[in-house]
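Quick look at model.txt (compact mmCIF, C-alpha atoms and all ligand atoms):
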```txt
# COMPACT_ATOMS: atom_id res chain seq x y z
CA MET A 150 -11.94 1.00 -43.56
CA ALA A 151 -12.91 -2.65 -43.43
CA THR A 152 -16.45 -1.68 -44.51
CA ILE A 153 -15.04 0.21 -47.50
CA LYS A 154 -12.87 -2.76 -48.53
CA LYS A 155 -15.75 -5.18 -48.05
CA LEU A 156 -17.77 -3.11 -50.54
CA GLY A 157 -15.10 -3.74 -53.16
CA HIS A 158 -13.33 -0.37 -53.04
CA GLU A 159 -9.60 -0.02 -52.84
CA LEU A 160 -7.83 1.93 -50.08
CA VAL A 161 -5.13 4.14 -51.56
CA SER A 162 -3.14 7.19 -50.45
CA GLU A 163 -4.83 10.59 -50.66
CA LYS A 164 -2.83 11.51 -53.75
CA HIS A 165 -4.41 8.68 -55.75
CA ALA A 166 -7.92 8.74 -54.23
CA ASP A 167 -11.20 9.42 -56.08
CA VAL A 168 -12.86 10.02 -52.71
CA VAL A 169 -11.19 11.27 -49.52
CA VAL A 170 -12.66 10.12 -46.19
CA LEU A 171 -11.86 12.50 -43.30
CA ASN A 172 -12.35 11.06 -39.81
CA THR A 173 -12.66 14.22 -37.72
CA CYS A 174 -12.05 15.16 -34.10
CA THR A 175 -13.49 18.23 -32.43
CA VAL A 176 -11.86 18.12 -28.99
CA LYS A 177 -9.27 20.83 -29.70
CA TYR A 178 -9.57 24.13 -31.56
CA SER A 179 -6.24 23.68 -33.38
CA THR A 180 -7.27 20.25 -34.75
CA GLU A 181 -10.67 21.59 -35.80
CA GLN A 182 -9.04 24.43 -37.76
CA LYS A 183 -6.66 22.07 -39.58
CA ILE A 184 -9.56 19.82 -40.57
CA LEU A 185 -11.75 22.71 -41.78
CA HIS A 186 -8.87 24.00 -43.86
CA LYS A 187 -8.47 20.57 -45.44
CA ILE A 188 -12.21 20.24 -46.15
CA LYS A 189 -12.09 23.60 -47.92
CA ARG A 190 -8.95 22.80 -49.91
CA LEU A 191 -10.37 19.49 -51.17
CA GLY A 192 -13.56 21.30 -52.24
CA GLU A 193 -11.58 23.92 -54.14
CA LYS A 194 -9.76 21.14 -56.00
CA GLY A 195 -13.11 19.48 -56.87
CA ILE A 196 -12.23 16.28 -54.97
CA GLU A 197 -15.12 14.28 -53.44
CA VAL A 198 -14.84 14.28 -49.66
CA ILE A 199 -16.76 12.38 -46.97
CA VAL A 200 -16.57 14.01 -43.53
CA CYS A 201 -17.22 11.58 -40.67
CA GLY A 202 -16.34 11.35 -36.97
CA CYS A 203 -17.33 13.88 -34.31
CA MET A 204 -17.39 17.17 -36.18
CA PRO A 205 -20.59 16.65 -38.25
CA GLU A 206 -22.64 16.30 -35.05
CA VAL A 207 -21.81 19.74 -33.68
CA GLN A 208 -20.22 21.71 -36.49
CA LEU A 209 -22.24 20.85 -39.58
CA GLU A 210 -22.69 24.51 -40.51
CA GLU A 211 -18.95 25.17 -40.48
CA ILE A 212 -18.37 22.11 -42.68
CA ILE A 213 -20.96 23.31 -45.21
CA GLN A 214 -19.55 26.85 -45.12
CA HIS A 215 -16.09 25.51 -45.93
CA ASN A 216 -17.27 23.07 -48.57
CA PRO A 217 -20.97 22.87 -49.54
CA ASP A 218 -20.27 19.76 -51.64
CA ALA A 219 -18.81 17.74 -48.76
CA HIS A 220 -20.72 14.55 -47.94
CA VAL A 221 -21.36 14.05 -44.26
CA LEU A 222 -21.69 10.94 -42.07
CA GLY A 223 -22.78 11.36 -38.44
CA VAL A 224 -20.81 9.80 -35.62
CA ASN A 225 -23.18 6.80 -35.39
CA SER A 226 -23.35 6.25 -39.15
CA ILE A 227 -19.90 5.11 -40.19
CA SER A 228 -21.20 1.65 -41.14
CA ARG A 229 -23.46 3.40 -43.70
CA ILE A 230 -20.51 4.72 -45.69
CA GLY A 231 -21.53 2.46 -48.58
CA GLU A 232 -24.65 4.63 -49.13
CA VAL A 233 -22.46 7.68 -49.62
CA LEU A 234 -20.04 5.88 -51.92
CA ASN A 235 -22.99 4.61 -54.02
CA PHE A 236 -24.39 8.14 -54.20
CA ILE A 237 -21.03 9.47 -55.37
CA ALA A 238 -20.74 6.69 -57.97
CA ASN A 239 -24.28 7.15 -59.28
CA PRO A 240 -26.47 9.86 -57.72
CA ALA A 241 -29.34 9.15 -60.15
CA ILE A 242 -30.01 5.64 -58.81
CA SER A 243 -29.15 6.31 -55.17
CA SER A 244 -31.85 5.82 -52.54
CA HIS A 245 -31.06 9.36 -51.37
CA ASN A 246 -33.34 11.67 -53.32
CA THR A 247 -31.71 15.04 -53.03
CA SER A 248 -31.29 18.01 -55.29
CA ARG A 249 -28.00 18.77 -53.57
CA GLN A 250 -24.58 17.65 -54.76
CA ALA A 251 -23.91 16.20 -51.33
CA ILE A 252 -25.70 13.89 -48.91
CA HIS A 253 -25.82 13.90 -45.14
CA VAL A 254 -26.42 10.66 -43.22
CA PHE A 255 -27.16 10.68 -39.49
CA SER A 256 -28.30 7.86 -37.15
CA HIS A 257 -29.34 8.19 -33.51
CA GLU A 258 -28.17 4.88 -32.06
CA PRO A 259 -24.46 4.17 -31.63
CA ALA A 260 -23.25 0.99 -33.32
CA GLY A 261 -19.92 0.90 -31.51
CA PHE A 262 -17.32 -1.55 -32.83
CA ILE A 263 -19.45 -4.57 -32.11
CA ASN A 264 -20.39 -6.49 -35.27
CA VAL A 265 -18.80 -3.79 -37.42
CA PRO A 266 -16.16 -5.17 -39.82
CA ARG A 267 -12.70 -3.93 -38.86
CA LEU A 268 -9.23 -3.74 -40.21
CA ARG A 269 -6.51 -4.03 -37.54
CA PHE A 270 -3.34 -1.98 -37.86
CA ASN A 271 -1.88 -4.39 -35.34
CA SER A 272 -3.10 -7.94 -35.81
CA ASN A 273 -2.34 -8.73 -32.17
CA ILE A 274 -4.48 -5.99 -30.59
CA HIS A 275 -8.26 -6.16 -30.33
CA ILE A 276 -9.94 -2.85 -29.48
CA CYS A 277 -13.31 -3.25 -27.83
CA GLN A 278 -15.60 -0.29 -27.22
CA LEU A 279 -17.60 -0.76 -24.01
CA SER A 280 -19.97 2.16 -24.31
CA GLN A 281 -20.59 5.44 -26.00
CA GLY A 282 -21.41 8.80 -24.49
CA CYS A 283 -21.13 10.20 -21.00
CA ASN A 284 -23.49 11.18 -18.19
CA ASN A 285 -21.26 13.95 -16.83
CA ALA A 286 -20.99 17.57 -17.77
CA CYS A 287 -17.40 18.80 -17.53
CA SER A 288 -17.58 22.50 -18.33
CA TYR A 289 -14.92 22.41 -21.08
CA CYS A 290 -16.11 19.28 -22.87
CA ILE A 291 -17.69 19.19 -26.31
CA VAL A 292 -17.51 15.38 -26.58
CA ARG A 293 -20.66 14.82 -24.55
CA PHE A 294 -22.64 16.94 -27.03
CA VAL A 295 -21.33 14.80 -29.87
CA ARG A 296 -21.70 11.39 -28.24
CA GLY A 297 -24.80 11.99 -26.12
CA PRO A 298 -25.64 10.32 -22.80
CA LEU A 299 -24.05 7.05 -21.68
CA LYS A 300 -25.09 4.02 -23.73
CA SER A 301 -23.37 0.85 -22.52
CA PHE A 302 -23.21 -2.13 -24.83
CA HIS A 303 -24.61 -5.41 -23.52
CA PRO A 304 -22.02 -7.49 -21.59
CA ASP A 305 -22.88 -10.62 -23.63
CA SER A 306 -22.04 -8.80 -26.89
CA ILE A 307 -18.80 -7.45 -25.41
CA VAL A 308 -17.71 -10.91 -24.24
CA GLU A 309 -18.59 -12.41 -27.65
CA ASP A 310 -16.68 -9.64 -29.43
CA ILE A 311 -13.57 -10.27 -27.31
CA LYS A 312 -13.82 -14.05 -27.80
CA GLN A 313 -13.91 -13.40 -31.54
CA GLY A 314 -10.81 -11.18 -31.31
CA ILE A 315 -8.96 -13.88 -29.38
CA ALA A 316 -10.07 -16.55 -31.89
CA GLU A 317 -8.59 -14.33 -34.63
CA GLY A 318 -5.22 -14.39 -32.85
CA CYS A 319 -5.30 -11.17 -30.77
CA ARG A 320 -3.41 -11.34 -27.48
CA GLU A 321 -4.05 -7.84 -26.13
CA ILE A 322 -7.54 -6.55 -25.50
CA TRP A 323 -7.90 -2.78 -25.19
CA LEU A 324 -11.09 -1.65 -23.49
CA THR A 325 -12.12 1.80 -24.57
CA SER A 326 -14.88 4.40 -24.21
CA GLN A 327 -15.29 8.02 -23.08
CA ASP A 328 -15.03 6.84 -19.46
CA ASN A 329 -14.67 3.09 -18.79
CA ALA A 330 -15.55 3.43 -15.10
CA GLN A 331 -19.05 4.62 -16.05
CA TYR A 332 -19.66 1.33 -17.84
CA GLY A 333 -23.01 -0.26 -17.07
CA MET A 334 -24.49 2.52 -14.91
CA ASP A 335 -27.36 2.78 -17.43
CA ILE A 336 -28.03 -0.98 -17.64
CA GLY A 337 -27.60 -2.10 -14.03
CA ILE A 338 -24.14 -3.64 -14.22
CA SER A 339 -20.67 -2.31 -13.35
CA LEU A 340 -17.19 -2.32 -14.86
CA PRO A 341 -15.78 -4.78 -12.25
CA LYS A 342 -18.60 -7.26 -13.02
CA LEU A 343 -17.87 -6.99 -16.74
CA LEU A 344 -14.14 -7.44 -16.12
CA GLU A 345 -14.80 -10.61 -14.12
CA ARG A 346 -16.61 -12.04 -17.14
CA ILE A 347 -13.87 -11.00 -19.56
CA CYS A 348 -11.17 -12.54 -17.33
CA GLU A 349 -13.09 -15.85 -17.39
CA ILE A 350 -12.56 -16.16 -21.17
CA PRO A 351 -10.01 -18.98 -21.59
CA GLY A 352 -6.61 -18.28 -23.18
CA ASP A 353 -3.37 -16.34 -22.74
CA PHE A 354 -4.25 -12.71 -23.27
CA LYS A 355 -3.89 -9.41 -21.44
CA ILE A 356 -6.43 -6.67 -20.84
CA ARG A 357 -5.54 -2.99 -20.99
CA ILE A 358 -8.21 -0.85 -19.36
CA GLY A 359 -8.44 2.63 -20.86
CA MET A 360 -9.39 5.93 -19.27
CA MET A 361 -11.44 5.98 -16.06
CA ASN A 362 -12.46 9.29 -14.49
CA PRO A 363 -11.87 9.68 -10.73
CA PHE A 364 -15.52 10.55 -9.99
CA SER A 365 -16.66 7.36 -11.75
CA VAL A 366 -14.04 5.20 -10.03
CA LEU A 367 -15.00 6.34 -6.50
CA PRO A 368 -18.29 4.36 -6.26
CA ILE A 369 -16.69 1.12 -7.56
CA ILE A 370 -13.19 1.35 -6.10
CA GLU A 371 -13.30 -1.73 -3.82
CA GLU A 372 -14.67 -4.10 -6.49
CA LEU A 373 -12.29 -2.62 -9.06
CA LEU A 374 -9.25 -3.23 -6.83
CA ASP A 375 -10.37 -6.84 -6.32
CA VAL A 376 -10.81 -7.59 -10.00
CA TYR A 377 -7.45 -5.93 -10.84
CA GLU A 378 -5.82 -8.79 -8.87
CA ASN A 379 -6.46 -11.00 -11.90
CA ASP A 380 -3.20 -11.66 -13.80
CA LYS A 381 -4.93 -10.97 -17.11
CA ILE A 382 -5.34 -7.27 -16.24
CA TYR A 383 -2.38 -4.93 -16.68
CA LYS A 384 -1.68 -2.98 -13.48
CA LEU A 385 -2.21 0.31 -15.25
CA ILE A 386 -4.66 3.07 -14.50
CA HIS A 387 -5.33 6.00 -16.77
CA LEU A 388 -6.88 8.46 -14.34
CA PRO A 389 -7.29 11.98 -15.76
CA VAL A 390 -6.94 14.41 -12.85
CA GLN A 391 -6.92 17.51 -15.14
CA SER A 392 -5.65 19.83 -12.36
CA ALA A 393 -4.42 19.54 -8.78
CA SER A 394 -6.28 22.69 -7.70
CA ASN A 395 -9.73 22.15 -6.23
CA ASP A 396 -10.78 25.66 -7.35
CA VAL A 397 -9.98 24.77 -10.95
CA LEU A 398 -11.59 21.33 -10.65
CA GLU A 399 -14.76 22.97 -9.39
CA ARG A 400 -14.91 25.38 -12.34
CA MET A 401 -14.28 22.41 -14.63
CA ASN A 402 -17.26 20.69 -12.95
CA ARG A 403 -15.14 17.58 -12.51
CA LEU A 404 -17.16 16.27 -9.51
CA HIS A 405 -14.05 15.10 -7.65
CA SER A 406 -11.47 16.77 -5.45
CA ILE A 407 -7.75 16.25 -5.89
CA GLU A 408 -7.71 14.51 -2.50
CA GLU A 409 -10.23 11.94 -3.80
CA ALA A 410 -8.14 11.32 -6.93
CA ASN A 411 -5.04 10.93 -4.75
CA GLN A 412 -6.84 8.44 -2.55
CA ILE A 413 -7.66 6.31 -5.60
CA ILE A 414 -4.00 6.31 -6.64
CA LYS A 415 -2.86 5.44 -3.09
CA SER A 416 -5.37 2.59 -2.87
CA PHE A 417 -4.12 1.14 -6.15
CA ARG A 418 -0.46 1.56 -5.17
CA ASP A 419 -1.08 -0.07 -1.78
CA ARG A 420 -2.41 -3.13 -3.60
CA PHE A 421 -0.07 -3.06 -6.65
CA SER A 422 3.29 -1.55 -5.78
CA ASP A 423 4.48 -1.44 -9.41
CA LEU A 424 1.31 0.26 -10.70
CA THR A 425 1.73 2.42 -13.80
CA LEU A 426 -0.17 5.71 -13.72
CA PHE A 427 -1.22 7.68 -16.80
CA THR A 428 -3.06 10.97 -16.49
CA ASP A 429 -4.38 13.95 -18.47
CA ILE A 430 -3.90 17.57 -17.44
CA ILE A 431 -5.42 20.72 -18.91
CA VAL A 432 -3.23 23.81 -18.46
CA GLY A 433 -4.49 27.38 -18.65
CA PHE A 434 -8.11 26.70 -17.82
CA PRO A 435 -9.93 30.05 -17.32
CA GLY A 436 -9.14 31.43 -13.87
CA GLU A 437 -6.12 29.14 -13.30
CA LYS A 438 -3.79 31.23 -11.12
CA ASP A 439 -0.03 30.75 -10.76
CA SER A 440 -0.70 29.15 -7.39
CA ASP A 441 -3.17 26.68 -8.99
CA PHE A 442 -0.66 25.76 -11.65
CA LEU A 443 2.06 25.30 -9.02
CA LYS A 444 -0.15 22.79 -7.22
CA THR A 445 -0.36 20.76 -10.43
CA VAL A 446 3.43 20.87 -10.91
CA GLU A 447 3.96 19.73 -7.31
CA TRP A 448 1.36 17.01 -7.78
CA VAL A 449 3.28 15.59 -10.77
CA ARG A 450 6.49 15.54 -8.72
CA GLU A 451 4.75 13.78 -5.84
CA TYR A 452 2.49 11.30 -7.67
CA ARG A 453 4.95 10.59 -10.48
CA PRO A 454 2.71 9.61 -13.39
CA GLU A 455 4.55 7.66 -16.07
CA LYS A 456 2.67 9.42 -18.86
CA VAL A 457 0.90 12.80 -18.86
CA ASN A 458 -1.24 13.98 -21.77
CA ILE A 459 -0.99 17.76 -21.50
CA SER A 460 -3.61 19.88 -23.27
CA ARG A 461 -3.54 23.65 -23.52
CA TYR A 462 -7.08 24.82 -22.82
CA THR A 463 -8.99 26.18 -25.81
CA PRO A 464 -12.66 27.15 -25.66
CA ARG A 465 -15.08 24.86 -27.47
CA PRO A 466 -18.52 25.65 -28.84
CA HIS A 467 -21.63 24.73 -26.79
CA THR A 468 -19.64 24.38 -23.54
CA LYS A 469 -20.20 26.19 -20.25
CA ALA A 470 -16.54 27.27 -20.08
CA LEU A 471 -17.05 29.28 -23.27
CA GLU A 472 -18.58 31.97 -21.00
CA TYR A 473 -15.41 32.20 -18.89
CA ARG A 474 -12.67 34.72 -19.49
CA ASN A 475 -9.60 33.12 -21.07
CA ILE A 476 -6.15 33.69 -19.73
CA ASP A 477 -3.36 35.05 -21.92
CA SER A 478 -2.27 32.42 -24.48
CA ARG A 479 1.42 33.20 -23.79
CA ILE A 480 0.91 32.22 -20.15
CA VAL A 481 -0.86 29.04 -21.26
CA SER A 482 2.01 28.08 -23.53
CA GLN A 483 4.65 28.89 -20.84
CA ARG A 484 2.82 26.70 -18.33
CA SER A 485 2.44 23.91 -20.84
CA ASN A 486 6.19 23.94 -21.60
CA GLU A 487 7.10 24.06 -17.92
CA LEU A 488 4.81 21.17 -17.08
CA HIS A 489 6.11 19.18 -20.03
CA ASN A 490 9.69 19.54 -18.73
CA VAL A 491 8.72 18.42 -15.24
CA CYS A 492 6.86 15.38 -16.63
CA GLU A 493 9.91 14.42 -18.71
CA GLU A 494 12.20 14.70 -15.64
CA VAL A 495 9.87 12.45 -13.67
CA LYS A 496 9.61 9.96 -16.52
CA ILE A 497 13.39 9.74 -16.99
CA ASP A 498 13.85 9.23 -13.26
CA ILE A 499 11.26 6.40 -13.21
CA ARG A 500 12.93 4.82 -16.25
CA LYS A 501 16.45 4.92 -14.73
CA LYS A 502 15.25 3.20 -11.59
CA MET A 503 13.98 0.24 -13.64
CA ILE A 504 17.42 -0.59 -15.12
CA GLY A 505 18.53 -3.97 -13.80
CA TRP A 506 14.93 -5.07 -13.09
CA GLU A 507 14.21 -8.74 -13.74
CA GLY A 508 10.76 -10.21 -14.11
CA LYS A 509 8.06 -11.81 -16.21
CA VAL A 510 6.83 -10.06 -19.34
CA PHE A 511 4.12 -10.74 -21.89
CA ILE A 512 5.29 -10.65 -25.51
CA SER A 513 2.62 -8.50 -27.04
CA LYS A 514 3.67 -7.82 -30.64
CA GLU A 515 6.48 -7.14 -33.09
CA ALA A 516 8.33 -3.96 -32.08
CA LYS A 517 8.31 -0.97 -34.43
CA VAL A 518 12.06 -1.04 -34.11
CA LYS A 519 13.83 -4.40 -34.49
CA GLY A 520 12.67 -7.28 -32.28
CA LEU A 521 9.66 -7.84 -30.05
CA MET A 522 7.62 -5.56 -27.82
CA ALA A 523 6.92 -7.04 -24.41
CA ARG A 524 4.95 -5.60 -21.50
CA THR A 525 5.60 -6.03 -17.80
CA ALA A 526 2.60 -6.82 -15.60
CA SER A 527 2.18 -3.06 -15.17
CA TYR A 528 2.32 -2.36 -18.92
CA LYS A 529 5.87 -1.00 -19.01
CA PRO A 530 7.16 -1.39 -22.57
CA VAL A 531 10.27 -3.56 -23.02
CA VAL A 532 11.80 -4.05 -26.46
CA ILE A 533 13.71 -7.30 -26.84
CA PRO A 534 15.94 -6.82 -29.90
CA GLU A 535 17.13 -10.43 -30.23
CA SER A 536 14.54 -13.11 -29.60
CA CYS A 537 12.81 -16.08 -31.11
CA ALA A 538 9.89 -15.83 -28.65
CA VAL A 539 6.41 -15.44 -30.16
CA ALA A 540 3.65 -12.92 -29.52
CA GLY A 541 1.23 -14.19 -26.89
CA SER A 542 3.87 -15.98 -24.81
CA PHE A 543 5.44 -15.11 -21.46
CA CYS A 544 9.14 -15.03 -20.61
CA LYS A 545 11.55 -13.62 -18.06
CA VAL A 546 13.67 -10.61 -18.99
CA LYS A 547 16.29 -8.32 -17.53
CA ILE A 548 16.05 -4.60 -18.33
CA LEU A 549 19.42 -3.40 -19.63
CA ASP A 550 18.73 0.17 -20.69
CA ALA A 551 16.02 2.80 -21.13
CA THR A 552 15.15 5.17 -23.97
CA PRO A 553 12.52 7.96 -23.70
CA GLY A 554 9.90 5.63 -25.21
CA TYR A 555 10.70 2.13 -23.96
CA PHE A 556 13.10 -0.13 -22.08
CA ILE A 557 15.59 -2.47 -23.73
CA GLY A 558 15.77 -5.96 -22.30
CA LYS A 559 17.07 -9.44 -22.89
CA ILE A 560 15.48 -12.80 -22.18
CA ILE A 561 17.10 -14.53 -19.21
CA THR A 562 15.13 -17.77 -19.05
S1 LIG A 601 -16.16 12.79 -18.31
FE1 LIG A 601 -16.21 14.99 -18.74
S2 LIG A 601 -14.57 15.25 -20.27
FE2 LIG A 601 -15.07 13.06 -20.26
S3 LIG A 601 -16.63 12.82 -21.88
FE3 LIG A 601 -17.71 13.13 -19.92
S4 LIG A 601 -18.15 15.33 -19.84
FE4 LIG A 601 -16.53 15.00 -21.38
```
Would you kindly transcribe this structure into structure tokens?
Ligand code: SF4
Amino acid sequence: MATIKKLGHELVSEKHADVVVLNTCTVKYSTEQKILHKIKRLGEKGIEVIVCGCMPEVQLEEIIQHNPDAHVLGVNSISRIGEVLNFIANPAISSHNTSRQAIHVFSHEPAGFINVPRLRFNSNIHICQLSQGCNNACSYCIVRFVRGPLKSFHPDSIVEDIKQGIAEGCREIWLTSQDNAQYGMDIGISLPKLLERICEIPGDFKIRIGMMNPFSVLPIIEELLDVYENDKIYKLIHLPVQSASNDVLERMNRLHSIEEANQIIKSFRDRFSDLTLFTDIIVGFPGEKDSDFLKTVEWVREYRPEKVNISRYTPRPHTKALEYRNIDSRIVSQRSNELHNVCEEVKIDIRKKMIGWEGKVFISKEAKVKGLMARTASYKPVVIPESCAVAGSFCKVKILDATPGYFIGKIIT
């Protein structure tokens, strides 16, 4: 969006747009269908549309079938959106010589977020992409076909990018990629080494480390635990276990057992007693028996993740799991609902136990509701309705109440 603005265009709502830019996702079947429907509808109305994001890399034919006039930007080409806008404005003088009504732009190398102009929805949060792609081959995953093998960005560029974000006033740094724990495997460095360098950047800021897969954490666990001791890092791990059944994990080609994932969680909890755990679970993977599903439900009750992203399995093109026989969709939806209820019970229980807690929080931003949003050292969200504190500062709070989404607290010192 920042690139579009920089080129002198105005960002308006879809209703008033001359050109609609669709940033697509191909992870789930239901999302893919909604997007294809939209691409078709815009074409029928004669509205110019640019399709970018993941879908063009693996589903170009479907896009063209739904709307032959759609312009397409590959996943590594978003910074070239100006070429497409110029073509739309004046095809005759565009550098793209084509007899078609639409142009397709693809680049091989990922640009990431580094040195790409950006527009922040939240001026206090700097999102830094560490790498693109993945060296694993989970049997259900289409993302690796879109993003290609692991390509880590150079640590110097990452540190510079974060310094820039901090200089612009950001106080929370979110590290993101397909799998943060894989960072550096292709360039002879590791995530803990990178984190050490990021923590050395002067200033009051906090680091939120995004998803890390258990099989990528295992080889770096000791160094990772050591670097997590730094106060700048939130005591939060997002560890997608996907299932608690080893049979299912094997068919998913996840390269870790549930016991190994559990050991990671125990190691973190031994070191950081207030650790927050996020996870992802796929329900209804082909061949998942009732007994497999039960193991996952029991796992949630025992390991008590604070947040669970539940996905109902749907087959994706190009993947190995496409060959497997799907289980009845009614069973998948029953299991998903059941698991959702258990996760909510666990979450409410965790929340209740925090009422009365007192401790230091980091004021991270304005709250969506009235007041300020603060985070405990383990990233638990605390809304402080009445406060004159400023984002980027620390203070001590008492938690007075809990809602499904956040805690309510008051400043005590
Ligand atoms: S770790 Fe697995 S699910 Fe994640 S991007 Fe890699 S192959 Fe896909």
Would you pick out the contacts of region 367-380 of chain A at 10 Å or less, using all atoms listed in the file, so that residues sharing its chain but fewer than 4 positions from it are not included, and give the list as a PyMOL selection string? chain A and resi 330-331+339-345+348-349+354-356+358+362-363+384-385+405+409-410+412-413+416-417+420-421+526
Residue subset to file, keeping C-alpha atoms, as an mmCIF file, in the coordinates of the input:
```cif
data_model
loop_
_atom_site.group_PDB
_atom_site.id
_atom_site.type_symbol
_atom_site.label_atom_id
_atom_site.label_comp_id
_atom_site.auth_asym_id
_atom_site.auth_seq_id
_atom_site.Cartn_x
_atom_site.Cartn_y
_atom_site.Cartn_z
ATOM 1 C CA ALA A 330 -15.550 3.430 -15.100
ATOM 2 C CA GLN A 331 -19.050 4.620 -16.050
ATOM 3 C CA SER A 339 -20.670 -2.310 -13.350
ATOM 4 C CA LEU A 340 -17.190 -2.320 -14.860
ATOM 5 C CA PRO A 341 -15.780 -4.780 -12.250
ATOM 6 C CA LYS A 342 -18.600 -7.260 -13.020
ATOM 7 C CA LEU A 343 -17.870 -6.990 -16.740
ATOM 8 C CA LEU A 344 -14.140 -7.440 -16.120
ATOM 9 C CA GLU A 345 -14.800 -10.610 -14.120
ATOM 10 C CA CYS A 348 -11.170 -12.540 -17.330
ATOM 11 C CA GLU A 349 -13.090 -15.850 -17.390
ATOM 12 C CA PHE A 354 -4.250 -12.710 -23.270
ATOM 13 C CA LYS A 355 -3.890 -9.410 -21.440
ATOM 14 C CA ILE A 356 -6.430 -6.670 -20.840
ATOM 15 C CA ILE A 358 -8.210 -0.850 -19.360
ATOM 16 C CA ASN A 362 -12.460 9.290 -14.490
ATOM 17 C CA PRO A 363 -11.870 9.680 -10.730
ATOM 18 C CA LYS A 384 -1.680 -2.980 -13.480
ATOM 19 C CA LEU A 385 -2.210 0.310 -15.250
ATOM 20 C CA HIS A 405 -14.050 15.100 -7.650
ATOM 21 C CA GLU A 409 -10.230 11.940 -3.800
ATOM 22 C CA ALA A 410 -8.140 11.320 -6.930
ATOM 23 C CA GLN A 412 -6.840 8.440 -2.550
ATOM 24 C CA ILE A 413 -7.660 6.310 -5.600
ATOM 25 C CA SER A 416 -5.370 2.590 -2.870
ATOM 26 C CA PHE A 417 -4.120 1.140 -6.150
ATOM 27 C CA ARG A 420 -2.410 -3.130 -3.600
ATOM 28 C CA PHE A 421 -0.070 -3.060 -6.650
ATOM 29 C CA ALA A 526 2.600 -6.820 -15.600
#
```
Proximity of region 353-427 of chain A to region 280-285 of chain A: per-residue shortest pair, 10 Å limit, only C-alpha atoms, as JSON lines:
```
{"residue": "A:Phe364", "atom": "CA", "partner": "A:Asn285", "partner_atom": "CA", "distance": 9.6}
{"residue": "A:Ser365", "atom": "CA", "partner": "A:Asn285", "partner_atom": "CA", "distance": 9.5}
{"residue": "A:Asn402", "atom": "CA", "partner": "A:Asn285", "partner_atom": "CA", "distance": 8.7}
{"residue": "A:Arg403", "atom": "CA", "partner": "A:Asn285", "partner_atom": "CA", "distance": 8.3}
{"residue": "A:Leu404", "atom": "CA", "partner": "A:Asn285", "partner_atom": "CA", "distance": 8.7}
```
Just want the 9 Å neighbourhood of Ile307 (chain A), counted on all atoms listed in the file, with same-chain residues fewer than 5 positions away dropped. Output as a CSV table (one decimal) with C-alpha atoms, keeping the file's coordinate frame.
```csv
chain,number,residue,atom,x,y,z
A,263,ILE,CA,-19.4,-4.6,-32.1
A,277,CYS,CA,-13.3,-3.2,-27.8
A,278,GLN,CA,-15.6,-0.3,-27.2
A,279,LEU,CA,-17.6,-0.8,-24.0
A,302,PHE,CA,-23.2,-2.1,-24.8
A,312,LYS,CA,-13.8,-14.0,-27.8
A,343,LEU,CA,-17.9,-7.0,-16.7
A,347,ILE,CA,-13.9,-11.0,-19.6
```
Fewer than 3 positions away in the same chain doesn't count, so skip those; otherwise give me all residues within 12 Å of Thr562 (chain A), counting all atoms listed in the file, as a ChimeraX atom specification. /A:507-510,536,538,543-547,559
- Task: Just give me the gap between CA of Lys529 (chain A) and CA of Phe556 (chain A) in Å, one decimal is fine.
- Result: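 Straight-line distance from CA of Lys529 (chain A) to CA of Phe556 (chain A) works out to 7.9 Å.
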- Message: Please determine, counting all atoms listed in the file, which residue among A:Ser301, A:Asn458, A:Ser513, A:Ser256 has the shortest atom-to-atom distance to Gln327 (chain A).
- Response: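 Residue with the minimum atom-to-atom distance to Gln327 (chain A): A:Ser301.
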Go through A:Tyr332, A:Lys469, A:Ala393, A:Thr463 and flag the residue nearest Glu447 (chain A), using all atoms listed in the file for the distances.
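Between A:Tyr332, A:Lys469, A:Ala393, A:Thr463, the residue approaching Glu447 (chain A) most closely is A:Ala393.
CA of Arg450 (chain A) to CA of Ser394 (chain A) spans 14.7 Å [interatomic distance, one decimal].
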| said: For a test of reading the model, state the distance in Å between CA of Leu156 (chain A) and CA of Asn239 (chain A), rounded to one decimal. | reply: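 If I compute the distance from CA of Leu156 (chain A) to CA of Asn239 (chain A), I get 15.0 Å.
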What lies within 6 Å of region 173-181 of chain A using all atoms listed in the file, ignoring chain neighbours under 5 positions off, as JSON, numbers by chain? {"A": [202, 203, 204]}
Residue with smallest distance to Val366 (chain A) - pool A:Asp419, A:Glu451, A:Glu472, A:Asp328, counting all atoms listed in the file: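 Ranking A:Asp419, A:Glu451, A:Glu472, A:Asp328 by distance to Val366 (chain A), first place goes to A:Asp328.
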From the options A:Val481, A:Val295, A:Ile276, A:Ala238, which residue's atoms come nearest to Cys201 (chain A), counting only C-alpha atoms?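 Between A:Val481, A:Val295, A:Ile276, A:Ala238, the residue approaching Cys201 (chain A) most closely is A:Val295.
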Where is the centre and how long are the edges: axis-aligned box on ligand LIG 601 (chain A), 8 Å on each side, Å to one decimal, as JSON:
```
{"center_x": -16.4, "center_y": 14.1, "center_z": -20.1, "size_x": 19.6, "size_y": 18.5, "size_z": 19.6}
```
